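One file, protein_6.txt, is given below (compact mmCIF, C-alpha atoms).
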```txt
# COMPACT_ATOMS: atom_id res chain seq x y z
CA MET A 1 -46.75 -56.61 13.11
CA ASP A 2 -49.33 -59.35 13.16
CA ARG A 3 -49.19 -61.41 9.95
CA GLN A 4 -52.75 -60.55 8.97
CA GLN A 5 -52.10 -56.82 9.51
CA TYR A 6 -48.96 -57.04 7.35
CA LEU A 7 -50.89 -58.83 4.59
CA LEU A 8 -53.66 -56.26 4.83
CA GLU A 9 -51.28 -53.38 4.08
CA ALA A 10 -49.38 -55.30 1.39
CA ASN A 11 -52.55 -56.37 -0.41
CA ARG A 12 -53.90 -52.82 -0.17
CA GLN A 13 -50.89 -51.57 -2.10
CA LEU A 14 -50.68 -54.45 -4.56
CA SER A 15 -54.38 -54.14 -5.43
CA ASN A 16 -53.76 -50.64 -6.83
CA GLN A 17 -53.90 -51.32 -10.56
CA LYS A 18 -52.21 -48.03 -11.35
CA TYR A 19 -48.93 -49.43 -10.03
CA TYR A 20 -49.15 -53.24 -10.01
CA GLN A 21 -50.63 -55.95 -12.19
CA PRO A 22 -51.06 -59.67 -11.32
CA ILE A 23 -49.32 -62.01 -13.80
CA PRO A 24 -49.54 -65.81 -14.12
CA GLU A 25 -45.78 -66.45 -13.90
CA THR A 26 -42.41 -64.73 -13.77
CA ILE A 27 -41.13 -63.04 -16.92
CA GLN A 28 -37.46 -63.19 -15.91
CA PRO A 29 -36.51 -65.71 -18.65
CA GLN A 30 -37.69 -63.27 -21.34
CA THR A 31 -36.02 -60.39 -19.51
CA GLN A 32 -32.76 -62.32 -19.31
CA THR A 33 -32.79 -63.00 -23.06
CA GLU A 34 -33.40 -59.32 -23.87
CA ILE A 35 -30.66 -57.93 -21.65
CA ARG A 36 -28.09 -60.55 -22.69
CA GLN A 37 -28.51 -59.54 -26.33
CA ILE A 38 -27.80 -55.91 -25.48
CA ILE A 39 -24.90 -56.83 -23.19
CA GLN A 40 -23.37 -58.94 -25.95
CA SER A 41 -23.67 -55.94 -28.28
CA LEU A 42 -21.84 -53.78 -25.71
CA CYS A 43 -19.02 -56.32 -25.64
CA GLU A 44 -18.79 -56.50 -29.43
CA ASN A 45 -18.62 -52.68 -29.61
CA LYS A 46 -15.79 -52.64 -27.04
CA TYR A 47 -17.73 -50.82 -24.30
CA ILE A 48 -17.11 -53.75 -21.94
CA THR A 49 -14.68 -56.67 -21.80
CA GLY A 50 -15.57 -60.34 -22.06
CA LYS A 51 -15.10 -60.74 -18.31
CA GLN A 52 -17.46 -57.82 -17.65
CA ARG A 53 -19.98 -59.32 -20.08
CA ASP A 54 -19.98 -62.60 -18.20
CA PHE A 55 -20.57 -60.75 -14.92
CA LEU A 56 -23.42 -58.68 -16.36
CA PHE A 57 -25.08 -61.80 -17.76
CA GLY A 58 -25.80 -62.76 -14.16
CA PRO A 59 -26.81 -66.24 -12.96
CA ASP A 60 -28.24 -68.65 -15.53
CA THR A 61 -31.07 -69.37 -13.11
CA PRO A 62 -31.91 -65.98 -11.58
CA ARG A 63 -33.57 -65.64 -8.19
CA GLN A 64 -37.16 -64.42 -8.09
CA ARG A 65 -37.58 -60.86 -6.79
CA HIS A 66 -39.56 -60.54 -3.57
CA PHE A 67 -41.82 -57.74 -2.35
CA TYR A 68 -41.78 -56.64 1.29
CA LEU A 69 -42.72 -53.62 3.42
CA LEU A 70 -40.91 -51.38 5.88
CA PRO A 71 -43.65 -50.15 8.25
CA LYS A 72 -43.65 -46.36 8.60
CA ILE A 73 -44.26 -46.30 12.34
CA HIS A 74 -42.96 -42.72 12.57
CA LYS A 75 -46.05 -41.42 10.75
CA ASP A 76 -48.97 -39.96 12.73
CA PRO A 77 -50.91 -43.03 14.04
CA GLN A 78 -54.18 -41.29 13.19
CA THR A 79 -53.21 -41.41 9.50
CA TRP A 80 -52.25 -45.10 9.44
CA THR A 81 -54.01 -47.54 7.11
CA VAL A 82 -55.93 -48.74 10.16
CA PRO A 83 -55.52 -45.90 12.69
CA PHE A 84 -53.30 -46.87 15.65
CA GLN A 85 -53.10 -50.50 14.41
CA VAL A 86 -51.69 -50.88 10.88
CA PRO A 87 -49.07 -48.36 9.72
CA PRO A 88 -48.48 -47.65 6.04
CA GLY A 89 -45.62 -49.58 4.49
CA ARG A 90 -42.71 -48.46 2.33
CA PRO A 91 -42.66 -50.95 -0.59
CA ILE A 92 -39.31 -52.63 -1.29
CA ILE A 93 -38.59 -55.16 -4.03
CA SER A 94 -35.54 -57.25 -3.22
CA ASP A 95 -33.50 -57.46 -6.42
CA CYS A 96 -30.65 -59.64 -5.11
CA SER A 97 -29.42 -62.26 -7.63
CA SER A 98 -32.21 -61.46 -10.07
CA ALA A 99 -31.73 -61.29 -13.84
CA THR A 100 -31.02 -57.53 -13.61
CA TYR A 101 -29.10 -57.28 -10.30
CA ASN A 102 -25.57 -57.16 -11.77
CA LEU A 103 -26.85 -54.98 -14.59
CA SER A 104 -28.20 -52.42 -12.10
CA LEU A 105 -24.65 -52.04 -10.76
CA TYR A 106 -23.43 -51.23 -14.26
CA ILE A 107 -26.21 -48.68 -14.78
CA GLU A 108 -25.45 -47.03 -11.43
CA GLN A 109 -21.84 -46.54 -12.55
CA PHE A 110 -23.12 -43.98 -15.07
CA LEU A 111 -26.15 -42.53 -13.30
CA GLY A 112 -24.45 -42.03 -9.91
CA PRO A 113 -22.08 -39.21 -11.01
CA LEU A 114 -24.83 -37.52 -13.04
CA SER A 115 -27.20 -37.50 -10.06
CA THR A 116 -24.98 -35.00 -8.22
CA LYS A 117 -24.78 -32.45 -11.03
CA HIS A 118 -27.52 -30.06 -9.93
CA PRO A 119 -27.29 -26.90 -7.81
CA SER A 120 -29.60 -28.11 -5.03
CA TYR A 121 -27.64 -31.33 -4.36
CA ILE A 122 -27.08 -32.46 -0.75
CA LYS A 123 -24.77 -35.41 -0.20
CA ASP A 124 -25.62 -36.13 3.44
CA THR A 125 -26.31 -34.46 6.79
CA TYR A 126 -22.81 -33.07 7.19
CA HIS A 127 -22.75 -31.61 3.70
CA PHE A 128 -26.09 -29.97 4.50
CA ILE A 129 -24.63 -28.42 7.67
CA GLU A 130 -21.73 -26.99 5.65
CA LEU A 131 -24.22 -25.41 3.25
CA ILE A 132 -26.64 -24.07 5.83
CA GLN A 133 -24.16 -22.57 8.28
CA SER A 134 -22.95 -20.03 5.68
CA GLN A 135 -26.45 -18.64 5.05
CA ILE A 136 -27.45 -15.19 6.37
CA LEU A 137 -31.20 -14.53 6.41
CA PRO A 138 -33.25 -11.41 7.11
CA SER A 139 -35.02 -11.54 10.48
CA SER A 140 -38.43 -11.89 8.80
CA ALA A 141 -37.43 -14.96 6.76
CA TYR A 142 -39.22 -18.30 7.00
CA LEU A 143 -37.78 -21.79 6.76
CA PHE A 144 -39.73 -24.39 4.80
CA THR A 145 -39.43 -28.08 4.02
CA ILE A 146 -41.04 -30.02 1.20
CA ASP A 147 -41.52 -33.77 0.93
CA ILE A 148 -42.42 -35.56 -2.30
CA ASP A 149 -45.30 -37.98 -1.84
CA SER A 150 -44.25 -41.57 -2.76
CA LEU A 151 -41.58 -40.41 -5.21
CA TYR A 152 -40.33 -43.80 -6.46
CA THR A 153 -43.69 -45.25 -7.40
CA ASN A 154 -44.87 -42.00 -8.98
CA ILE A 155 -42.07 -41.53 -11.50
CA ASN A 156 -43.61 -41.92 -14.95
CA THR A 157 -41.32 -44.27 -16.89
CA THR A 158 -41.70 -42.52 -20.26
CA HIS A 159 -41.01 -39.13 -18.70
CA GLY A 160 -38.17 -40.60 -16.63
CA LEU A 161 -36.41 -42.01 -19.69
CA GLN A 162 -36.82 -38.67 -21.49
CA THR A 163 -35.25 -36.98 -18.47
CA LEU A 164 -32.26 -39.34 -18.74
CA ARG A 165 -31.89 -38.54 -22.47
CA THR A 166 -31.86 -34.83 -21.65
CA CYS A 167 -29.28 -35.41 -18.93
CA PHE A 168 -27.07 -37.50 -21.25
CA ASP A 169 -27.22 -34.74 -23.87
CA ARG A 170 -26.36 -32.11 -21.28
CA PHE A 171 -23.35 -34.09 -20.03
CA PRO A 172 -21.96 -35.98 -23.05
CA ASP A 173 -19.48 -38.83 -22.47
CA PRO A 174 -17.99 -40.75 -25.45
CA SER A 175 -17.28 -43.77 -23.21
CA ARG A 176 -20.94 -44.03 -22.18
CA PRO A 177 -23.18 -46.18 -24.44
CA ASP A 178 -26.23 -43.90 -24.25
CA ARG A 179 -28.52 -45.84 -26.60
CA GLU A 180 -27.87 -49.24 -25.03
CA LEU A 181 -27.99 -47.77 -21.53
CA LEU A 182 -31.46 -46.33 -22.11
CA GLN A 183 -32.62 -49.67 -23.55
CA LEU A 184 -31.36 -51.53 -20.48
CA ILE A 185 -32.92 -49.04 -18.05
CA LYS A 186 -36.24 -49.32 -19.86
CA ILE A 187 -36.15 -53.11 -19.50
CA CYS A 188 -35.30 -52.85 -15.78
CA LEU A 189 -38.21 -50.46 -15.20
CA SER A 190 -40.76 -52.21 -17.41
CA ASN A 191 -39.94 -55.84 -16.54
CA ASN A 192 -39.82 -55.47 -12.76
CA ASP A 193 -41.78 -58.59 -11.79
CA PHE A 194 -41.82 -60.06 -8.28
CA SER A 195 -43.59 -62.45 -5.95
CA PHE A 196 -45.51 -61.90 -2.74
CA ASN A 197 -47.42 -64.47 -0.70
CA ASN A 198 -47.03 -67.05 -3.51
CA LYS A 199 -48.48 -64.71 -6.16
CA GLN A 200 -46.72 -63.03 -9.10
CA TYR A 201 -46.97 -59.32 -9.89
CA LEU A 202 -45.53 -56.83 -12.36
CA GLN A 203 -44.87 -53.20 -11.48
CA ILE A 204 -46.36 -51.13 -14.30
CA HIS A 205 -45.73 -47.60 -12.99
CA GLY A 206 -42.74 -45.98 -11.32
CA THR A 207 -39.56 -47.62 -10.12
CA ALA A 208 -38.88 -49.81 -7.13
CA MET A 209 -36.82 -49.29 -4.03
CA GLY A 210 -34.37 -52.18 -4.17
CA GLN A 211 -32.69 -51.59 -7.53
CA ARG A 212 -29.21 -50.16 -7.10
CA PHE A 213 -29.64 -47.34 -9.60
CA ALA A 214 -33.08 -46.28 -8.29
CA PRO A 215 -31.87 -43.43 -5.97
CA SER A 216 -29.70 -41.91 -8.73
CA TYR A 217 -32.50 -42.29 -11.28
CA ALA A 218 -34.93 -40.57 -8.91
CA ASN A 219 -32.39 -37.83 -8.16
CA ILE A 220 -31.91 -37.06 -11.87
CA TYR A 221 -35.68 -37.09 -12.38
CA MET A 222 -36.17 -34.65 -9.50
CA SER A 223 -33.41 -32.35 -10.74
CA GLU A 224 -35.22 -31.98 -14.05
CA TRP A 225 -38.58 -31.59 -12.28
CA GLU A 226 -37.35 -28.80 -10.03
CA ARG A 227 -35.52 -27.04 -12.87
CA GLY A 228 -38.74 -26.78 -14.84
CA ALA A 229 -40.93 -26.03 -11.83
CA LEU A 230 -38.71 -23.28 -10.42
CA GLN A 231 -38.54 -21.57 -13.81
CA LYS A 232 -42.30 -21.04 -13.54
CA CYS A 233 -42.05 -19.31 -10.15
CA PRO A 234 -41.93 -15.50 -10.24
CA PHE A 235 -40.80 -15.45 -6.59
CA GLN A 236 -37.90 -17.67 -5.60
CA PRO A 237 -36.57 -19.00 -2.26
CA LEU A 238 -33.47 -17.33 -0.85
CA PHE A 239 -31.86 -20.77 -0.86
CA TYR A 240 -33.13 -24.20 -1.94
CA PHE A 241 -31.42 -27.53 -1.16
CA ARG A 242 -32.61 -31.09 -1.77
CA TYR A 243 -31.67 -34.54 -0.50
CA LEU A 244 -33.44 -36.88 -2.94
CA ASP A 245 -37.12 -36.22 -2.06
CA ASP A 246 -36.52 -33.99 0.99
CA ILE A 247 -36.28 -30.25 0.29
CA ILE A 248 -35.42 -27.31 2.53
CA GLY A 249 -35.40 -23.62 1.69
CA ALA A 250 -35.71 -20.09 3.04
CA TRP A 251 -38.60 -17.82 2.08
CA THR A 252 -38.27 -14.04 2.31
CA HIS A 253 -41.59 -13.05 0.73
CA SER A 254 -45.14 -13.10 2.10
CA LEU A 255 -46.96 -16.27 3.13
CA THR A 256 -49.51 -15.64 0.38
CA LEU A 257 -46.74 -15.74 -2.21
CA PHE A 258 -45.33 -18.87 -0.59
CA HIS A 259 -48.60 -20.73 -1.03
CA GLU A 260 -48.68 -19.60 -4.66
CA PHE A 261 -45.14 -20.99 -4.96
CA ILE A 262 -46.30 -24.34 -3.52
CA ASP A 263 -49.28 -24.43 -5.91
CA ILE A 264 -46.95 -24.00 -8.88
CA LEU A 265 -44.75 -26.88 -7.70
CA ASN A 266 -47.77 -29.08 -7.01
CA ASN A 267 -49.23 -28.52 -10.47
CA HIS A 268 -46.00 -28.80 -12.45
CA HIS A 269 -46.39 -32.52 -13.07
CA PRO A 270 -49.58 -34.54 -12.40
CA SER A 271 -47.80 -37.52 -10.80
CA ILE A 272 -45.60 -35.49 -8.41
CA LYS A 273 -47.43 -34.15 -5.36
CA ILE A 274 -45.79 -32.44 -2.42
CA LYS A 275 -46.35 -31.81 1.28
CA HIS A 276 -44.85 -28.77 2.97
CA THR A 277 -44.08 -27.24 6.36
CA ILE A 278 -43.16 -23.62 7.00
CA ALA A 279 -42.03 -21.91 10.22
CA GLN A 280 -40.15 -18.83 11.34
CA ASP A 281 -38.26 -20.14 14.37
CA HIS A 282 -37.24 -23.76 13.72
CA ILE A 283 -37.83 -26.68 11.37
CA ASN A 284 -36.79 -30.35 11.20
CA PHE A 285 -34.82 -31.59 8.20
CA LEU A 286 -33.05 -34.96 7.82
CA ASP A 287 -31.75 -35.75 11.32
CA THR A 288 -31.32 -32.09 12.29
CA THR A 289 -33.38 -29.26 13.68
CA VAL A 290 -32.54 -25.93 12.04
CA PHE A 291 -33.29 -22.98 14.31
CA PHE A 292 -32.40 -19.36 15.08
CA ASP A 293 -30.94 -18.14 18.36
CA ASN A 294 -31.46 -14.38 18.17
CA HIS A 295 -34.56 -12.77 16.67
CA ASN A 296 -33.71 -9.16 17.60
CA ASN A 297 -31.05 -8.57 14.96
CA PRO A 298 -31.89 -7.42 11.40
CA THR A 299 -30.34 -10.66 10.13
CA LYS A 300 -30.14 -14.19 11.51
CA GLN A 301 -27.95 -17.20 10.86
CA PRO A 302 -29.27 -20.79 10.92
CA LEU A 303 -28.02 -23.06 13.70
CA THR A 304 -28.44 -26.83 13.91
CA LYS A 305 -28.95 -29.48 16.55
CA VAL A 306 -29.79 -33.18 16.57
CA TYR A 307 -33.38 -34.12 15.80
CA PHE A 308 -34.74 -37.33 17.34
CA LYS A 309 -38.02 -38.67 15.99
CA GLN A 310 -40.59 -39.64 18.61
CA THR A 311 -40.17 -43.28 17.59
CA ASP A 312 -36.39 -43.22 18.12
CA THR A 313 -35.71 -45.58 21.06
CA HIS A 314 -31.88 -45.28 20.84
CA SER A 315 -31.75 -49.08 20.78
CA LEU A 316 -28.07 -49.49 20.11
CA LEU A 317 -26.14 -52.71 20.78
CA HIS A 318 -27.04 -54.36 24.12
CA LYS A 319 -24.09 -54.46 26.54
CA THR A 320 -24.45 -58.23 27.03
CA SER A 321 -24.24 -58.89 23.29
CA TYR A 322 -21.40 -61.20 22.22
CA HIS A 323 -19.21 -58.65 20.46
CA PRO A 324 -15.59 -57.53 20.88
CA LYS A 325 -15.22 -54.89 23.60
CA HIS A 326 -14.06 -52.21 21.18
CA THR A 327 -17.34 -52.51 19.25
CA PHE A 328 -19.39 -51.08 22.13
CA LYS A 329 -16.95 -48.23 22.59
CA GLY A 330 -16.88 -47.49 18.87
CA ILE A 331 -20.67 -47.29 18.57
CA ILE A 332 -20.97 -44.81 21.45
CA LYS A 333 -17.99 -42.78 20.27
CA SER A 334 -19.43 -42.48 16.76
CA GLN A 335 -22.72 -41.15 18.14
CA ILE A 336 -20.92 -38.56 20.28
CA ILE A 337 -18.93 -37.43 17.25
CA ARG A 338 -22.14 -37.22 15.23
CA PHE A 339 -23.80 -35.07 17.90
CA HIS A 340 -20.69 -32.89 18.08
CA ARG A 341 -20.69 -32.29 14.35
CA ILE A 342 -24.40 -31.58 14.04
CA CYS A 343 -24.92 -29.31 17.07
CA SER A 344 -23.91 -25.66 16.71
CA LYS A 345 -24.13 -25.14 20.48
CA THR A 346 -22.38 -27.15 23.15
CA SER A 347 -25.49 -27.21 25.32
CA ASP A 348 -27.49 -28.90 22.54
CA ARG A 349 -24.74 -31.47 22.03
CA ASP A 350 -24.70 -32.26 25.75
CA THR A 351 -28.49 -32.62 25.79
CA ALA A 352 -28.35 -35.11 22.92
CA ILE A 353 -25.62 -37.11 24.69
CA LYS A 354 -27.64 -37.11 27.90
CA THR A 355 -30.72 -38.41 26.05
CA LEU A 356 -28.70 -41.23 24.49
CA PHE A 357 -26.94 -42.18 27.73
CA HIS A 358 -30.20 -42.31 29.68
CA SER A 359 -31.59 -44.85 27.22
CA LEU A 360 -28.38 -46.92 27.22
CA GLN A 361 -28.31 -47.05 31.01
CA THR A 362 -32.02 -47.81 31.35
CA HIS A 363 -32.56 -50.28 28.53
CA ARG A 364 -29.12 -51.51 27.36
CA GLN A 365 -27.27 -52.15 30.66
CA TYR A 366 -24.38 -49.71 30.09
CA SER A 367 -22.85 -48.38 33.28
CA LYS A 368 -22.73 -44.67 34.02
CA ARG A 369 -18.97 -44.78 34.60
CA TYR A 370 -18.31 -46.60 31.31
CA LEU A 371 -20.33 -44.05 29.33
CA ARG A 372 -18.77 -41.08 31.13
CA THR A 373 -15.25 -42.34 30.37
CA ILE A 374 -15.97 -42.72 26.65
CA LYS A 375 -17.63 -39.30 26.56
CA ASN A 376 -14.72 -37.53 28.26
CA ASN A 377 -12.09 -39.18 26.06
CA THR A 378 -14.04 -38.52 22.86
CA LEU A 379 -14.78 -34.87 23.60
CA ALA A 380 -11.18 -34.30 24.69
CA ALA A 381 -9.99 -35.60 21.31
CA LEU A 382 -12.43 -33.26 19.57
CA SER A 383 -11.31 -30.17 21.44
CA PRO A 384 -9.28 -27.47 19.60
CA ALA A 385 -6.25 -28.28 21.76
CA HIS A 386 -5.95 -31.63 19.98
CA SER A 387 -6.17 -30.10 16.51
CA SER A 388 -3.14 -30.57 14.25
CA THR A 389 -3.64 -27.13 12.68
CA PRO A 390 -0.24 -25.51 11.91
CA SER A 391 0.72 -22.55 14.06
CA GLY A 392 -0.59 -19.25 12.73
CA SER A 393 -3.48 -20.73 10.71
CA GLN A 394 -7.15 -20.72 11.59
CA PRO A 395 -8.48 -24.01 13.06
CA PRO A 396 -11.27 -25.62 11.03
CA ASP A 397 -14.77 -26.09 12.41
CA SER A 398 -14.43 -29.08 14.72
CA ARG A 399 -17.73 -30.44 13.42
CA LEU A 400 -16.05 -31.15 10.08
CA HIS A 401 -13.30 -33.45 11.39
CA TYR A 402 -14.74 -36.94 11.21
CA HIS A 403 -16.44 -37.07 7.83
CA ARG A 404 -18.46 -40.20 7.16
CA PRO A 405 -20.65 -40.16 4.02
CA GLY A 406 -24.20 -41.48 3.87
CA GLY A 407 -25.74 -39.85 6.96
CA LYS A 408 -29.40 -39.72 5.93
CA GLN A 409 -29.45 -43.09 4.15
CA GLU A 410 -27.94 -44.80 7.16
CA LEU A 411 -30.54 -43.18 9.40
CA ASP A 412 -33.34 -44.30 7.09
CA HIS A 413 -32.19 -47.89 7.42
CA GLN A 414 -31.98 -47.57 11.21
CA ASN A 415 -35.47 -46.08 11.43
```

Hey, can you dump this file as structure tokens for me?
Amino acid sequence: MDRQQYLLEANRQLSNQKYYQPIPETIQPQTQTEIRQIIQSLCENKYITGKQRDFLFGPDTPRQRHFYLLPKIHKDPQTWTVPFQVPPGRPIISDCSSATYNLSLYIEQFLGPLSTKHPSYIKDTYHFIELIQSQILPSSAYLFTIDIDSLYTNINTTHGLQTLRTCFDRFPDPSRPDRELLQLIKICLSNNDFSFNNKQYLQIHGTAMGQRFAPSYANIYMSEWERGALQKCPFQPLFYFRYLDDIIGAWTHSLTLFHEFIDILNNHHPSIKIKHTIAQDHINFLDTTVFFDNHNNPTKQPLTKVYFKQTDTHSLLHKTSYHPKHTFKGIIKSQIIRFHRICSKTSDRDTAIKTLFHSLQTHRQYSKRYLRTIKNNTLAALSPAHSSTPSGSQPPDSRLHYHRPGGKQELDHQN
């Protein structure tokens, strides 16, 4: 992006006084004093050791946090801040080496496990495929997806802390210092100051992408939001799964009732607004397309294939890059394995491989023979004949062999 375009989008966001407030100077010295007092109390009460206390104290001269944007070029260009010129930006506040960076690791140690304790939890793409492939739907069913609008910046801090208290009460742990933990989280959320373009700001609403515990905090907040919202709905989805702020479900009632369902969710909390998509034949979710192959039967089972966004250029490592030879092979092999695991049908897997290989040959200088050799060797290793399943037992789904956690998050960083 042109510098002036980047500044235009950043200043547009930072001028919103609901979320950000200009301040004359950093408040990290005061923040550091507050958190060190609580950390010292944790040490005195034997929740942490002296060595852990020294680590949580962080650097004596903390680094200033910095604000930056990740341009959302995958959004419809007509909806950009300046249509077709300036895309909206995802706000990130770099927390590295700040007064609260080490502390955020400590907080995540407790929030991380709690963030998975809800029935709609999805770990990653492959976990989602395991969940979806066992579903049997009536032929008239719809698939829908829901996206939360700007989740991180719209989490009300007071309500978020109350949600954490409720979660702590629901899952008690005598080794967890609940009171001190809530105090520390409140400081991290309320004292999140940063710099941009030589100016100082304070975030006064929501949380920031950049703090290590932010995804878990948002996940716990959403679990409480959906628990309350779904209780209000007289008609429920057949299934309902969520990856952080991305939701997918199946709807077996009328479209009129579905829109009433959406209205209930949209009005459950004033700061949480949603966008939805509904379709009967296929829908995109995470990096997959969920679809149905046969519409003539009374029931149908969801199938999956790889979903490429229009902005995906498949710009993997250039063949002339100065890397060890096995690196190039490993990157291509991992993508083939990913396609193999996601695609229910061999034809869809082969189409995804063909799309990738065409880009690598055209733009990354990979030879056709080199790619074909890696493909043949990788697919041969994935075939049932190479399975180590004991004689007489059923072979597992070959898509579940090479489990690597973090699918969606890794894709977000790539995109």

Atom pair CA of Phe84 (chain A) + CA of Phe285 (chain A), distance 25.1 Å

How many Å separate CA of Pro91 (chain A) from CA of Phe213 (chain A)?
16.2 Å

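Residue nearest Tyr106 (chain A) within the list A:Lys46, A:Asp147, A:Glu180, A:Ala141: A:Glu180 [criterion: smallest interatomic distance, only C-alpha atoms].
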
Would you mind listing what lies within 6 Å of Pro88 (chain A) as JSON, numbers by chain, with all atoms listed in the file counted and same-chain residues fewer than 5 positions away left out?
{"A": [71, 72, 80, 81]}

Which residue is closest to Ile92 (chain A)? Choose from A:Cys188, A:Ala10, A:Ile35, A:Ala208 and count only C-alpha atoms.
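Closest to Ile92 (chain A), using only C-alpha atoms: A:Ala208.
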
Using CA of Tyr19 (chain A) and CA of Gln203 (chain A) as the two end points, give the distance in Å to one decimal.
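Value for the CA of Tyr19 (chain A)-CA of Gln203 (chain A) distance: 5.7 Å.
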
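Using all atoms listed in the file for every distance, the candidate list A:Pro384, A:Leu317, A:Ala214, A:Ile353 yields A:Leu317 as the residue closest to Gln365 (chain A).
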
Residues within 8 Å of region 51-60 of chain A, please, as a VMD selection string. Count only C-alpha atoms; anything in the same chain fewer than 5 positions from it doesn't count.
chain A and resid 32 35 to 36 39 to 40 43 97 to 103 106

May I have the centre and edge lengths, in Å to one decimal, of an axis-aligned box around the listed atoms of region 210-223 of chain A with 3 Å added to every side, as AutoDock Vina command-line options?
```
--center_x -32.7 --center_y -42.3 --center_z -8.3 --size_x 13.0 --size_y 25.8 --size_z 14.2
```

Top pick for closest residue to Leu131 (chain A), considering A:Lys75, A:Arg176, A:His66, A:Arg242 and counting all atoms listed in the file:
A:Arg242

Go through A:Ser140, A:Ser175, A:Gln211, A:Ser120 and flag the residue nearest Lys300 (chain A), using only C-alpha atoms for the distances.
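With only C-alpha atoms as the atom set, the closest residue is A:Ser140.
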
Tell me which protein, DNA and RNA residues are within 7 Å of region 260-268 of chain A, counting all atoms listed in the file, leaving out same-chain ones fewer than 4 positions away, and put them as a list in words.
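Answer for this query is Ala229, Cys233, Thr256, Ile272, Lys273 and Ile274 of chain A.
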
Restricting the calculation to all atoms listed in the file, which member of A:Phe171, A:Tyr366, A:Phe357, A:Phe128 is positioned closest to Phe328 (chain A)?
A:Tyr366

Excluding same-chain residues fewer than 3 positions from region 117-119 of chain A, what lies within 12 Å of it counting all atoms listed in the file, as a VMD selection string?
chain A and resid 111 to 114 122 to 123 131 167 to 168 170 to 171 216 219 to 227 239 to 244

For a cutoff of 12 Å around the file-coordinate point (-18.0, -42.5, 17.8), which residues qualify once you count only C-alpha atoms? I'd like the result as JSON, numbers by chain.
{"A": [326, 327, 328, 329, 330, 331, 332, 333, 334, 335, 336, 337, 338, 339, 340, 341, 353, 371, 374, 375, 377, 378, 379, 381, 382, 402, 403, 404]}
